[in-house]
Amino acid sequence: MKVLINGHALELPAPATLADAVAQLELKPPFAAAINLQFIPNTQYHHTPLNDADQIDLIAPVTGG
């Protein structure tokens with residue numbers, strides 16, 4: 001299956017979860033995740049299935065003033 005993460009295509013074996021996508025990117029917390037503009041709590045990453053063509057946004061917090 002193909003998904004878009006922050007606008008970049010990523011190929012994942014089906015079935016895949018949001019946790020699988022994050023693991024493949026080796027992204028370290030903290031960050032927030034949304035699939036098709038729907039926020040997903042980090043406790044649900046392992047239980048959130050992905051579908052072909054899902055758009056995933058992974059957003060890291062920015063500090064400063």
# chains A, B, ... in the order shown; residues from 1 in each chain; ligands from 1
>>> residues_around(residues="Leu4 in chain A", least_positions_apart="6", cutoff="10 Å", atoms="only C-alpha atoms", output="ChimeraX atom specification")
/A:10-11,35-36,52-57
>>> write_last_selection(atoms="N, CA, C and O atoms", output="JSON list (two decimals), in the first residue's frame")
[["chain", "number", "residue", "atom", "x", "y", "z"],
["A", 10, "LEU", "N", 5.24, 6.84, 0.68],
["A", 10, "LEU", "CA", 5.88, 5.76, 1.42],
["A", 10, "LEU", "C", 5.12, 4.48, 1.11],
["A", 10, "LEU", "O", 3.89, 4.44, 1.17],
["A", 11, "GLU", "N", 5.86, 3.45, 0.77],
["A", 11, "GLU", "CA", 5.27, 2.14, 0.48],
["A", 11, "GLU", "C", 5.34, 1.28, 1.74],
["A", 11, "GLU", "O", 6.41, 1.15, 2.36],
["A", 35, "ILE", "N", -4.28, 11.47, 10.50],
["A", 35, "ILE", "CA", -4.54, 10.75, 9.25],
["A", 35, "ILE", "C", -5.74, 11.40, 8.59],
["A", 35, "ILE", "O", -6.81, 11.50, 9.21],
["A", 36, "ASN", "N", -5.54, 11.86, 7.37],
["A", 36, "ASN", "CA", -6.60, 12.55, 6.63],
["A", 36, "ASN", "C", -7.22, 13.67, 7.49],
["A", 36, "ASN", "O", -8.43, 13.80, 7.59],
["A", 52, "ASP", "N", -4.78, 2.41, 1.71],
["A", 52, "ASP", "CA", -4.07, 2.93, 0.55],
["A", 52, "ASP", "C", -4.47, 4.38, 0.32],
["A", 52, "ASP", "O", -5.64, 4.74, 0.40],
["A", 53, "ALA", "N", -3.49, 5.24, 0.06],
["A", 53, "ALA", "CA", -3.67, 6.66, -0.26],
["A", 53, "ALA", "C", -4.00, 7.52, 0.95],
["A", 53, "ALA", "O", -4.34, 8.69, 0.78],
["A", 54, "ASP", "N", -3.89, 6.99, 2.17],
["A", 54, "ASP", "CA", -4.07, 7.84, 3.35],
["A", 54, "ASP", "C", -3.02, 8.94, 3.35],
["A", 54, "ASP", "O", -1.87, 8.72, 2.93],
["A", 55, "GLN", "N", -3.41, 10.10, 3.86],
["A", 55, "GLN", "CA", -2.48, 11.21, 4.01],
["A", 55, "GLN", "C", -2.18, 11.37, 5.50],
["A", 55, "GLN", "O", -3.08, 11.67, 6.29],
["A", 56, "ILE", "N", -0.93, 11.16, 5.85],
["A", 56, "ILE", "CA", -0.50, 11.19, 7.25],
["A", 56, "ILE", "C", 0.35, 12.43, 7.47],
["A", 56, "ILE", "O", 1.25, 12.72, 6.68],
["A", 57, "ASP", "N", 0.04, 13.15, 8.53],
["A", 57, "ASP", "CA", 0.85, 14.31, 8.92],
["A", 57, "ASP", "C", 1.47, 14.00, 10.27],
["A", 57, "ASP", "O", 0.78, 13.64, 11.22]]
>>> residues_around(residues="Thr43 in chain A", least_positions_apart="6", cutoff="12 Å", atoms="only C-alpha atoms", output="PyMOL selection string")
chain A and resi 18-19+32-33
>>> write_last_selection(atoms="N, CA, C and O atoms", output="PDB file, in the first residue's frame")
ATOM      1  N   LEU A  18      -0.593   2.823  11.870  1.00  0.00           N
ATOM      2  CA  LEU A  18       0.151   4.071  12.009  1.00  0.00           C
ATOM      3  C   LEU A  18       1.480   3.807  12.713  1.00  0.00           C
ATOM      4  O   LEU A  18       2.508   4.381  12.367  1.00  0.00           O
ATOM      5  N   ALA A  19       1.492   2.912  13.679  1.00  0.00           N
ATOM      6  CA  ALA A  19       2.738   2.558  14.379  1.00  0.00           C
ATOM      7  C   ALA A  19       3.764   1.980  13.409  1.00  0.00           C
ATOM      8  O   ALA A  19       4.961   2.262  13.530  1.00  0.00           O
ATOM      9  N   ALA A  32       3.052  14.846  16.969  1.00  0.00           N
ATOM     10  CA  ALA A  32       1.614  14.577  16.881  1.00  0.00           C
ATOM     11  C   ALA A  32       1.347  13.966  15.516  1.00  0.00           C
ATOM     12  O   ALA A  32       2.075  14.224  14.558  1.00  0.00           O
ATOM     13  N   ALA A  33       0.295  13.155  15.433  1.00  0.00           N
ATOM     14  CA  ALA A  33      -0.037  12.485  14.178  1.00  0.00           C
ATOM     15  C   ALA A  33      -1.498  12.708  13.808  1.00  0.00           C
ATOM     16  O   ALA A  33      -2.374  12.743  14.679  1.00  0.00           O
TER      17      ALA A  33
END
>>> select_by_dssp(residues="chain A", states="alpha helix (DSSP H)", output="ChimeraX atom specification")
/A:18-25
>>> write_last_selection(atoms="N, CA, C and O atoms", output="PDB file, in the first residue's frame")
ATOM      1  N   LEU A  18      -0.593   2.823  11.870  1.00  0.00           N
ATOM      2  CA  LEU A  18       0.151   4.071  12.009  1.00  0.00           C
ATOM      3  C   LEU A  18       1.480   3.807  12.713  1.00  0.00           C
ATOM      4  O   LEU A  18       2.508   4.381  12.367  1.00  0.00           O
ATOM      5  N   ALA A  19       1.492   2.912  13.679  1.00  0.00           N
ATOM      6  CA  ALA A  19       2.738   2.558  14.379  1.00  0.00           C
ATOM      7  C   ALA A  19       3.764   1.980  13.409  1.00  0.00           C
ATOM      8  O   ALA A  19       4.961   2.262  13.530  1.00  0.00           O
ATOM      9  N   ASP A  20       3.332   1.186  12.436  1.00  0.00           N
ATOM     10  CA  ASP A  20       4.244   0.631  11.435  1.00  0.00           C
ATOM     11  C   ASP A  20       4.893   1.742  10.609  1.00  0.00           C
ATOM     12  O   ASP A  20       6.094   1.698  10.328  1.00  0.00           O
ATOM     13  N   ALA A  21       4.102   2.735  10.219  1.00  0.00           N
ATOM     14  CA  ALA A  21       4.626   3.850   9.423  1.00  0.00           C
ATOM     15  C   ALA A  21       5.634   4.662  10.224  1.00  0.00           C
ATOM     16  O   ALA A  21       6.708   5.003   9.726  1.00  0.00           O
ATOM     17  N   VAL A  22       5.310   4.936  11.480  1.00  0.00           N
ATOM     18  CA  VAL A  22       6.224   5.700  12.343  1.00  0.00           C
ATOM     19  C   VAL A  22       7.522   4.921  12.551  1.00  0.00           C
ATOM     20  O   VAL A  22       8.612   5.487  12.494  1.00  0.00           O
ATOM     21  N   ALA A  23       7.429   3.615  12.753  1.00  0.00           N
ATOM     22  CA  ALA A  23       8.612   2.781  12.959  1.00  0.00           C
ATOM     23  C   ALA A  23       9.504   2.776  11.730  1.00  0.00           C
ATOM     24  O   ALA A  23      10.732   2.826  11.847  1.00  0.00           O
ATOM     25  N   GLN A  24       8.908   2.722  10.560  1.00  0.00           N
ATOM     26  CA  GLN A  24       9.695   2.706   9.326  1.00  0.00           C
ATOM     27  C   GLN A  24      10.463   4.015   9.152  1.00  0.00           C
ATOM     28  O   GLN A  24      11.567   4.026   8.638  1.00  0.00           O
ATOM     29  N   LEU A  25       9.892   5.115   9.615  1.00  0.00           N
ATOM     30  CA  LEU A  25      10.558   6.419   9.506  1.00  0.00           C
ATOM     31  C   LEU A  25      11.576   6.643  10.624  1.00  0.00           C
ATOM     32  O   LEU A  25      12.352   7.592  10.561  1.00  0.00           O
TER      33      LEU A  25
END
>>> residues_around(residues="Leu50 in chain A", least_positions_apart="5", cutoff="8 Å", atoms="only C-alpha atoms", output="list in words")
Pro15, Ala16, Thr17 and Leu18 of chain A
>>> atom_distance(atom1="CA of Thr63 in chain A", atom2="CA of Val3 in chain A")
28.8 Å
>>> residues_around(residues="Phe31 in chain A", least_positions_apart="5", cutoff="10 Å", atoms="only C-alpha atoms", output="ChimeraX atom specification")
/A:42,57-62
>>> atom_distance(atom1="CA of Gln44 in chain A", atom2="CA of Gly64 in chain A")
29.1 Å
>>> atom_distance(atom1="CA of Ala14 in chain A", atom2="CA of Thr48 in chain A")
12.9 Å
